[in-house]
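Chemist: Data file work-v1.csv (CSV, C-alpha atoms) is appended below.
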```
chain,number,residue,atom,x,y,z
T,1,GLN,CA,29.0,1.1,8.8
T,2,ALA,CA,25.7,1.1,7.0
T,3,ALA,CA,25.5,2.6,3.5
T,4,ALA,CA,23.5,5.8,3.2
T,5,PRO,CA,20.0,5.1,1.8
T,6,PHE,CA,19.4,5.9,-1.9
T,7,LYS,CA,17.3,9.0,-2.3
T,8,LEU,CA,15.8,9.8,-5.7
T,9,LEU,CA,16.3,13.6,-6.4
T,10,GLY,CA,17.6,13.9,-2.9
T,11,ILE,CA,14.1,13.6,-1.3
T,12,LEU,CA,12.4,10.3,-2.1
T,13,ASP,CA,13.9,7.5,-0.1
T,14,VAL,CA,13.2,4.7,-2.5
T,15,GLU,CA,14.4,1.9,-0.3
T,16,ASN,CA,12.3,2.6,2.8
T,17,ILE,CA,9.1,4.2,1.6
T,18,PRO,CA,6.5,1.6,0.6
T,19,CYS,CA,5.4,1.7,-3.0
T,20,ALA,CA,8.1,4.2,-4.1
T,21,ARG,CA,10.4,1.8,-5.9
T,22,ASP,CA,7.6,0.1,-7.9
T,23,SER,CA,6.0,3.4,-8.8
T,24,VAL,CA,9.3,4.8,-10.1
T,25,LEU,CA,10.1,1.7,-12.0
T,26,TYR,CA,6.7,1.5,-13.6
T,27,GLY,CA,6.8,5.2,-14.3
T,28,SER,CA,10.1,4.8,-16.1
T,29,LEU,CA,8.7,2.0,-18.2
T,30,GLY,CA,5.6,4.1,-19.0
T,31,SER,CA,7.8,6.9,-20.0
T,32,VAL,CA,9.8,4.8,-22.5
T,33,VAL,CA,6.7,3.2,-23.9
T,34,ALA,CA,4.8,6.5,-24.3
T,35,GLY,CA,7.8,8.5,-25.7
T,36,LEU,CA,8.9,5.7,-28.1
T,37,GLY,CA,5.4,5.0,-29.2
T,38,HIS,CA,4.7,8.7,-29.9
T,39,PHE,CA,8.0,9.0,-31.8
T,40,LEU,CA,7.3,5.9,-34.0
T,41,LEU,CA,3.9,7.3,-34.9
T,42,THR,CA,4.9,11.0,-35.5
T,43,SER,CA,8.7,11.2,-35.8
T,44,ARG,CA,8.6,14.4,-33.8
T,45,ILE,CA,11.5,14.3,-31.3
T,46,ARG,CA,10.7,17.2,-29.0
T,47,ARG,CA,7.0,16.3,-28.7
T,48,SER,CA,7.9,12.6,-28.1
T,49,CYS,CA,10.1,13.7,-25.2
T,50,ASP,CA,7.3,15.7,-23.8
T,51,VAL,CA,4.9,12.8,-24.1
T,52,GLY,CA,7.5,10.6,-22.4
T,53,VAL,CA,7.8,13.0,-19.4
T,54,GLY,CA,4.0,13.1,-19.2
T,55,GLY,CA,3.8,9.4,-19.4
T,56,PHE,CA,6.3,9.1,-16.5
T,57,ILE,CA,4.3,11.5,-14.4
T,58,LEU,CA,1.0,9.9,-15.1
T,59,VAL,CA,2.1,6.3,-14.6
T,60,THR,CA,4.2,7.1,-11.5
T,61,LEU,CA,1.3,8.9,-9.8
T,62,GLY,CA,-1.2,6.3,-10.9
T,63,CYS,CA,0.9,3.4,-9.5
T,64,TRP,CA,1.7,5.5,-6.4
T,65,PHE,CA,-1.9,6.2,-5.5
T,66,HIS,CA,-3.1,2.7,-6.3
T,67,CYS,CA,-0.3,1.1,-4.2
T,68,ARG,CA,-0.8,3.5,-1.3
T,69,TYR,CA,-4.5,2.9,-1.3
T,70,ASN,CA,-4.0,-0.9,-1.1
T,71,TYR,CA,-1.3,-0.4,1.6
T,72,ALA,CA,-3.6,1.7,3.7
T,73,LYS,CA,-6.4,-0.9,3.3
T,74,LEU,CA,-4.0,-3.6,4.4
T,75,ARG,CA,-2.9,-1.6,7.5
T,76,ILE,CA,-6.6,-1.1,8.5
T,77,GLN,CA,-7.3,-4.8,8.1
T,78,GLU,CA,-4.2,-5.6,10.2
T,79,ARG,CA,-5.3,-3.2,12.9
T,80,ILE,CA,-8.8,-4.7,13.0
T,81,ALA,CA,-7.3,-8.2,13.2
T,82,ARG,CA,-4.9,-7.1,16.0
T,83,ASP,CA,-7.8,-5.6,18.0
T,84,GLY,CA,-9.8,-8.7,17.5
T,85,ILE,CA,-7.0,-10.9,18.8
T,86,LYS,CA,-6.4,-8.6,21.7
T,87,ASN,CA,-10.2,-8.7,22.6
T,88,LYS,CA,-10.2,-12.5,22.2
T,89,ILE,CA,-7.3,-12.8,24.7
T,90,LEU,CA,-8.8,-10.2,27.0
T,91,TYR,CA,-12.4,-11.7,27.2
T,92,GLU,CA,-11.7,-15.4,26.7
T,93,SER,CA,-13.4,-17.5,29.4
T,94,THR,CA,-15.1,-14.5,31.0
T,95,HIS,CA,-18.8,-13.8,31.1
T,96,LEU,CA,-18.2,-11.2,28.3
T,97,ASP,CA,-17.0,-13.9,25.9
T,98,PRO,CA,-19.4,-14.0,23.0
T,99,GLU,CA,-18.5,-17.6,22.1
T,100,ARG,CA,-19.2,-18.9,25.5
T,101,LYS,CA,-22.5,-20.7,25.8
T,102,PRO,CA,-24.7,-19.5,28.6
T,103,THR,CA,-25.0,-22.1,31.3
T,104,THR,CA,-28.3,-22.9,33.0
T,105,ASP,CA,-28.1,-23.6,36.8
T,106,LYS,CA,-30.2,-26.8,37.4
T,107,ASN,CA,-29.9,-26.5,41.2
T,108,SER,CA,-31.7,-23.1,41.4
T,109,SER,CA,-35.2,-24.5,40.7
```
Let me see the structure of the file written as structure tokens.

Modeler:
Amino acid sequence: QAAAPFKLLGILDVENIPCARDSVLYGSLGSVVAGLGHFLLTSRIRRSCDVGVGGFILVTLGCWFHCRYNYAKLRIQERIARDGIKNKILYESTHLDPERKPTTDKNSS
């Protein structure tokens, strides 16, 4: 029996959604850095917790959108390459092949 996938807050499947794991990990690190840094500068506990939560949200969303943009760009490049390979296989050695040199018939003159 396969183990149930780990879902963060019951909705975000961290194992199967691309970029989710890295975004949450970087967001956690950003939260600790922002909260601890604010606490060391101001010694205000409640405000430092608020800054930590804000840092988590900002870093998580920033990493998420950056990663998803690169993921979508990669998928588009893969689709273009796949279509190019399909066309190469389809048109190879036919009169529609752009790499085929046009032949001149010497007997027709």

Chemist: Quick one: residues within 10 Å of T:Gly52, all atoms listed in the file, excluding same-chain residues fewer than 2 positions away - as a PyMOL selection string?

Modeler: chain T and resi 27-39+46-50+54-58

Chemist: What does the structure give for the distance between atom CA of T:Arg21 and atom CA of T:Trp64, in Å to one decimal?

Modeler: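 Between atom CA of T:Arg21 and atom CA of T:Trp64 the gap works out to 9.5 Å.
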
Chemist: Report the distance between atom CA of T:Ile85 and atom CA of T:His66 in Å, rounded to one decimal place.

Modeler: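 Those two atoms sit 28.8 Å apart.
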
Chemist: Suppose you want the space between atom CA of T:Tyr71 and atom CA of T:Asp83; what is it in Å?

Modeler: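 Atom-to-atom, atom CA of T:Tyr71 to atom CA of T:Asp83, that is 18.4 Å.
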